[in-house]
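Data block below; observations after.
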Amino acid sequence: MSRINSIFAVLLLTAVVCIVPQAHAAITIEASAAGSSGAWQAFGVGTYNYCVKTYGAGNCFHWTSSSNNVFLTDTRVTPVNNDGGTLWVVWEVASGNVAKMWSDDKIDSTIGNRCFFAQPQCTVDATAATLTASGSSQISASIWGADTNLPAPIQAIFEAGTPVTVLLSDTRPEDAAFEDCRVNSALGNGPYGAGGHQDGMDGMGYNSSNQPGVCPGSGLPQGNYVGASIKSGYPASTATANPLSFNITGNDPISGTKIPAYTVIELGAQAIMFFFERDKGQLTNLANVSPEQLQQAFSGTNCDASAFGLPAGSIGIFLREPLSGTMTGVELTTFRGQTTYDGAGHGGVLGISQEANVAVGGVVSNPLSAQSGTCLAGLGGRYRGIGAGEIDNWVLNSGKASPFLGTDGIGYQFFSFGNVSKFANNPAYGYATINGVDPIFASYGPQYNGAAYDPGQPATAGTMPGASTLPASCGGAFPCSEKAIWAGGLSLPHVRDGSYKAWTVARVATYGSTTNLKNLVKGAQVSFVDDVPDMVPAVKTVGTSETDPGLTLLRSHFQQFDGAGTLLGVAPVNKTDEGADTGGLILLCPTSLTCPTTTQDLAGFQGVQVKP
């Protein structure tokens, strides 16, 4: 939606203000969520299952929009800022009328954080044409049934715009705020790290009005708060991601309004995987990578198959936009890592940022759509994708001729069965182990705990799993329990045992009471056990197929700060879920109920423990 259309929508709302309240006066909006693409399907299925369990199958319905056509509108700036997302809606009907409604607009996690914490919060809105269209079945009917068209009272709510009240995020809010300030600032070293081992990437260069990595304070010109739109390099794409300032505590930097207290609830752990096309010769024999090799390729230090120890050859390297929760997760666990500055000239950066070398001659290459000087060596190039779907399509089409590359290409995303469905059981595509550790299955060996391969595992190493590899007991379709897919009975075994390092915990946040939200989170966690095991449930979860012990480890939490040393959020003092944690040291828990309370520990890429 253009900004002009958004202004028109406001005028339209004024015209129909006498109608809209009556149209949905009796509808209780239980949750209006925005954020994480990785948690979008699970949260939707969990919400629908909760509705069915509570109100009966005949009274619960759902609808999904077409991609990127439902907008988050931030009115704190002029003109208003719009970011396109993809919506699911679940509703309950009582006595023939819509009684309750839940929704979630899928977008970059950092944008979701901004829209939740902004005061006033962003509104979720769409045009009548989008809302009257038939459901687009963005979530498979085999999982939750066929979509139903939206009733008119619900259409009226989204045409008027409804505020974001729930956040879904792939990272803690502190990490999202940290990355937003890196993006929305000048390229270079921040003042807090002066004298330490700096890499010139405290700020990424999408807003020259702010010092590198520094979050702007209140009372500044609008230019300090609004950065340059990050553009896609995918052929013919017009998608953008928009940097815009927000705080997570205190007052909103733009409006000055106090930010209410909020509660964060852990949903589940999700693995980040590196996947690639392997049928053009350059990456055919790729099976295992190290963090150091990934840093070389994705930073542009060596845009070549030789970065992975293979014969030299041109490859495509596909990066997510730096407002993505996926990008933040992999940046802080695998690429650059967390900074260990202390403000006194000590500490530094452990790895290499994937945003390194994006700027050429001090000017950010935007869109990042070709080699164009952003690679220091190698025959290939780096390219930007906005949203998980564009990275999927980059990898899917990289071997095709112009406007694509005609070579193999590699990207990353959160693993989920939905995310990998385009590549499932196709030997032309694969995913890599990291330091020999598989992100999805126990191993690609003949035995696991005395049993043959995991039942849901393809026969060829690194091939994506999908419906064609589901056990016969599932009938080759979801719902399919984790017990049926993994020989050990539990999903993503190397995330659970701490040996696979590239993962984050998806969270849900809300203001005020959490009673209703906890029911939805519980529904999603049961879905991980019984229906589509995309994540490890964060807590012990009783499903119909088995009882899952949940995630019996955590990442150490630590105080996050911006490029000037300003603290972001509250300090984690002997608490397991306060402060930042993406990139924290992995701590094993003796039992599912007792975890260490160690804080402030960060993880080096070789398992070295360091203090921030």
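Naming works like this for the structure tokens: A, B, ... for the chains as they're shown, residue 1 at the start of each chain, ligands 1 onward in shown order.
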
Exercise for the section: Report as a PyMOL selection string: the residues of stretch 128-346 of chain A with a DSSP assignment of helix (DSSP H, G or I), based on the backbone of this structure. Expected result: chain A and resi 128-132+141-144+152-160+173-183+191-193+222-224+291-298+305-308+325-335

Exercise for the section: List every residue of stretch 23-171 of chain A that DSSP, applied to the backbone of this structure, places in strand (DSSP E or B), and write the result as a PyMOL selection string. Expected result: chain A and resi 28-35+60-64+70-74+81-94+97-106+123-125+162-163+166-169

Please build the interface table for stretch 300-328 of chain A against stretch 489-503 of chain A with a cut-off of 12 Å, listing for each qualifying residue the nearest atom pair and the distance in Å to one decimal; count only C-alpha atoms, order rows by chain and increasing number, and write it as a tab-separated table.
residue	atom	partner	partner_atom	distance
A:Gly325	CA	A:Trp503	CA	11.2
A:Thr326	CA	A:Trp503	CA	9.5
A:Met327	CA	A:Ala502	CA	11.3
A:Thr328	CA	A:Trp503	CA	10.8

Problem - Counting only C-alpha atoms, the residue of A:Asn425, A:Asn357, A:Thr340, A:Thr123 that sits nearest A:Gly193 - result: A:Thr340

Exercise for the section: Fewer than 6 positions away in the same chain doesn't count, so skip those; otherwise give me all residues within 8 Å of stretch 305-317 of chain A, counting only C-alpha atoms, as a ChimeraX atom specification. Expected result: /A:282-283,285-286,289,293-294,296-298,378-383,398,405,407-411

Write the residues you've just listed into a file as a PDB file, in the first residue's frame, and include N, CA and C atoms for each of them.
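Written output follows (again.pdb):
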ATOM      1  N   GLN A 282      28.992 -25.989  -9.046  1.00  0.00           N
ATOM      2  CA  GLN A 282      29.813 -25.225  -8.112  1.00  0.00           C
ATOM      3  C   GLN A 282      29.650 -25.704  -6.661  1.00  0.00           C
ATOM      4  N   LEU A 283      28.427 -26.048  -6.261  1.00  0.00           N
ATOM      5  CA  LEU A 283      28.172 -26.475  -4.882  1.00  0.00           C
ATOM      6  C   LEU A 283      27.676 -27.915  -4.807  1.00  0.00           C
ATOM      7  N   ASN A 285      29.143 -30.693  -4.376  1.00  0.00           N
ATOM      8  CA  ASN A 285      29.734 -31.519  -3.323  1.00  0.00           C
ATOM      9  C   ASN A 285      29.761 -30.838  -1.957  1.00  0.00           C
ATOM     10  N   LEU A 286      29.016 -29.753  -1.821  1.00  0.00           N
ATOM     11  CA  LEU A 286      28.966 -29.088  -0.514  1.00  0.00           C
ATOM     12  C   LEU A 286      28.128 -29.914   0.451  1.00  0.00           C
ATOM     13  N   VAL A 289      29.960 -27.070   6.429  1.00  0.00           N
ATOM     14  CA  VAL A 289      30.599 -25.758   6.437  1.00  0.00           C
ATOM     15  C   VAL A 289      31.022 -25.438   7.865  1.00  0.00           C
ATOM     16  N   GLN A 293      34.064 -20.300   7.332  1.00  0.00           N
ATOM     17  CA  GLN A 293      33.810 -20.332   5.892  1.00  0.00           C
ATOM     18  C   GLN A 293      32.574 -19.506   5.541  1.00  0.00           C
ATOM     19  N   LEU A 294      31.534 -19.631   6.341  1.00  0.00           N
ATOM     20  CA  LEU A 294      30.328 -18.855   6.104  1.00  0.00           C
ATOM     21  C   LEU A 294      30.615 -17.361   6.204  1.00  0.00           C
ATOM     22  N   GLN A 296      33.430 -15.867   5.547  1.00  0.00           N
ATOM     23  CA  GLN A 296      34.188 -15.467   4.365  1.00  0.00           C
ATOM     24  C   GLN A 296      33.250 -15.209   3.180  1.00  0.00           C
ATOM     25  N   ALA A 297      32.303 -16.109   2.976  1.00  0.00           N
ATOM     26  CA  ALA A 297      31.412 -15.983   1.824  1.00  0.00           C
ATOM     27  C   ALA A 297      30.397 -14.857   2.015  1.00  0.00           C
ATOM     28  N   PHE A 298      29.672 -14.860   3.124  1.00  0.00           N
ATOM     29  CA  PHE A 298      28.561 -13.926   3.288  1.00  0.00           C
ATOM     30  C   PHE A 298      29.024 -12.497   3.567  1.00  0.00           C
ATOM     31  N   GLY A 378      36.824 -13.523  -5.556  1.00  0.00           N
ATOM     32  CA  GLY A 378      35.914 -14.566  -5.990  1.00  0.00           C
ATOM     33  C   GLY A 378      35.172 -14.210  -7.256  1.00  0.00           C
ATOM     34  N   LEU A 379      34.565 -15.233  -7.849  1.00  0.00           N
ATOM     35  CA  LEU A 379      33.915 -15.088  -9.140  1.00  0.00           C
ATOM     36  C   LEU A 379      32.428 -14.782  -9.041  1.00  0.00           C
ATOM     37  N   GLY A 380      31.833 -14.930  -7.834  1.00  0.00           N
ATOM     38  CA  GLY A 380      30.400 -14.762  -7.685  1.00  0.00           C
ATOM     39  C   GLY A 380      30.018 -13.405  -7.145  1.00  0.00           C
ATOM     40  N   GLY A 381      28.810 -13.297  -6.596  1.00  0.00           N
ATOM     41  CA  GLY A 381      28.308 -12.035  -6.066  1.00  0.00           C
ATOM     42  C   GLY A 381      27.325 -12.248  -4.947  1.00  0.00           C
ATOM     43  N   ARG A 382      27.025 -11.154  -4.243  1.00  0.00           N
ATOM     44  CA  ARG A 382      26.051 -11.177  -3.146  1.00  0.00           C
ATOM     45  C   ARG A 382      24.793 -10.429  -3.573  1.00  0.00           C
ATOM     46  N   TYR A 383      23.657 -10.906  -3.089  1.00  0.00           N
ATOM     47  CA  TYR A 383      22.373 -10.371  -3.508  1.00  0.00           C
ATOM     48  C   TYR A 383      21.421 -10.333  -2.316  1.00  0.00           C
ATOM     49  N   SER A 398      18.432 -19.818  -8.789  1.00  0.00           N
ATOM     50  CA  SER A 398      19.776 -19.301  -9.045  1.00  0.00           C
ATOM     51  C   SER A 398      20.443 -19.963 -10.246  1.00  0.00           C
ATOM     52  N   LEU A 405      21.232 -16.278 -12.259  1.00  0.00           N
ATOM     53  CA  LEU A 405      22.691 -16.291 -12.286  1.00  0.00           C
ATOM     54  C   LEU A 405      23.287 -17.404 -13.123  1.00  0.00           C
ATOM     55  N   THR A 407      24.199 -20.166 -11.925  1.00  0.00           N
ATOM     56  CA  THR A 407      25.149 -20.847 -11.047  1.00  0.00           C
ATOM     57  C   THR A 407      24.438 -21.304  -9.792  1.00  0.00           C
ATOM     58  N   ASP A 408      25.080 -22.176  -9.025  1.00  0.00           N
ATOM     59  CA  ASP A 408      24.529 -22.557  -7.732  1.00  0.00           C
ATOM     60  C   ASP A 408      24.552 -21.362  -6.782  1.00  0.00           C
ATOM     61  N   GLY A 409      23.617 -21.361  -5.841  1.00  0.00           N
ATOM     62  CA  GLY A 409      23.549 -20.274  -4.874  1.00  0.00           C
ATOM     63  C   GLY A 409      23.200 -20.780  -3.492  1.00  0.00           C
ATOM     64  N   ILE A 410      23.561 -20.004  -2.446  1.00  0.00           N
ATOM     65  CA  ILE A 410      23.366 -20.393  -1.065  1.00  0.00           C
ATOM     66  C   ILE A 410      22.725 -19.258  -0.278  1.00  0.00           C
ATOM     67  N   GLY A 411      21.790 -19.607   0.590  1.00  0.00           N
ATOM     68  CA  GLY A 411      21.127 -18.645   1.469  1.00  0.00           C
ATOM     69  C   GLY A 411      20.862 -19.280   2.819  1.00  0.00           C
TER      70      GLY A 411
END

Problem - Given only C-alpha atoms as the counted atoms, nearest of A:Thr73, A:Asn288, A:Ser369, A:Thr238 to A:Asp105 - result: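 Among the listed residues, the smallest separation from A:Asp105 belongs to A:Thr73.
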
Write out as a CSV table (one decimal) with C-alpha atoms, in the first residue's frame each polymer residue whose atoms come within 10 Å of A:Thr514, counting only C-alpha atoms; drop sequence neighbours fewer than 6 positions from it.
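Below is the file out.csv, written as the result:
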chain,number,residue,atom,x,y,z
A,262,TYR,CA,5.1,-5.7,28.8
A,263,THR,CA,5.5,-9.5,29.3
A,264,VAL,CA,7.5,-11.8,27.1
A,265,ILE,CA,6.5,-15.5,26.8

Problem - Shell of 12 Å around A:Lys231, only C-alpha atoms, local chain residues under 2 positions omitted, as a PyMOL selection string - result: chain A and resi 206+228-229+233-243+319-323+364-369+383-387+390

Selected residues, C-alpha atoms, written as a tab-separated table (two decimals), in the first residue's frame, please.
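Generated file (result29.tsv):
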chain	number	residue	atom	x	y	z
A	206	TYR	CA	21.27	3.27	6.26
A	228	ALA	CA	16.78	4.78	3.92
A	229	SER	CA	14.47	2.02	2.71
A	233	GLY	CA	18.00	-7.26	-5.33
A	234	TYR	CA	15.61	-9.97	-6.54
A	235	PRO	CA	14.76	-9.50	-10.25
A	236	ALA	CA	11.81	-7.12	-10.74
A	237	SER	CA	11.04	-6.99	-7.00
A	238	THR	CA	9.82	-3.70	-5.53
A	239	ALA	CA	9.87	-4.97	-1.93
A	240	THR	CA	11.50	-2.79	0.72
A	241	ALA	CA	12.13	-2.86	4.47
A	242	ASN	CA	12.00	0.45	6.31
A	243	PRO	CA	14.27	1.36	9.24
A	319	LEU	CA	21.40	-12.26	2.30
A	320	ARG	CA	18.26	-11.27	4.19
A	321	GLU	CA	17.59	-7.60	4.90
A	322	PRO	CA	19.07	-6.47	8.24
A	323	LEU	CA	15.65	-5.83	9.84
A	364	VAL	CA	25.79	1.50	0.76
A	365	SER	CA	24.98	-0.68	-2.24
A	366	ASN	CA	21.18	-0.53	-2.11
A	367	PRO	CA	19.75	-2.63	-3.60
A	368	LEU	CA	22.42	-5.25	-3.10
A	369	SER	CA	21.84	-6.83	-6.48
A	383	TYR	CA	22.37	-10.37	-3.51
A	384	ARG	CA	19.65	-9.11	-1.16
A	385	GLY	CA	16.24	-10.67	-0.62
A	386	ILE	CA	13.40	-9.02	1.32
A	387	GLY	CA	11.49	-11.67	3.24
A	390	GLU	CA	12.60	-14.02	-1.83

Exercise for the section: Calculate how many Å separate atom CA of A:Cys51 from atom CA of A:Thr130, rounding to one decimal. Expected result: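 Value for the atom CA of A:Cys51-atom CA of A:Thr130 distance: 24.5 Å.
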
Handout entry: A:Ala269 environment, 8 Å, only C-alpha atoms, sequence neighbours closer than 6 positions dropped, as JSON, numbers by chain
Key = {"A": [495, 503, 504, 505, 506, 535, 536, 537, 538, 551]}

Practice task
Excluding A:Tyr48 and any residue of its chain fewer than 5 positions from it, enumerate the residues within 10 Å of it, using only C-alpha atoms, and give them as a list of chain:residue names.
Solution key: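 Near neighbours after the sequence-gap exclusion: A:Ala42, A:Phe43, A:Lys53, A:Thr54, A:Ala57, A:Cys60, A:Phe61, A:His62, A:Val89, A:Val90, A:Trp91, A:Glu92, A:Trp102, A:Trp144, A:Leu520, A:Gly523, A:Ala524.
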
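Distances here use only C-alpha atoms; by that measure, the residue among A:Gly569, A:Pro191, A:Pro479, A:Pro163 closest to A:Ile29 is A:Pro163.
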
Exercise for the section: Point out the residue among A:Lys106, A:Arg182, A:Arg172, A:Lys522 with the least atom-to-atom distance to A:Thr582, counting only C-alpha atoms. Expected result: A:Arg172

Problem - From A:Gly268, A:Gly223, A:Gly190, A:Pro253, residue lying nearest A:Lys540 [only C-alpha atoms] - result: A:Gly268

Problem - Nearest to A:Gly563, chosen from A:Ser185, A:Ser255, A:Ser66, A:Thr463, with only C-alpha atoms counted in the distances - result: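 Ranked by minimum distance to A:Gly563, first place goes to A:Ser185.
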
Handout entry: Distance in Å - atom CA of A:Trp63 versus atom CA of A:Asn149
Key =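 Atom CA of A:Asn149 lies 6.3 Å from atom CA of A:Trp63.
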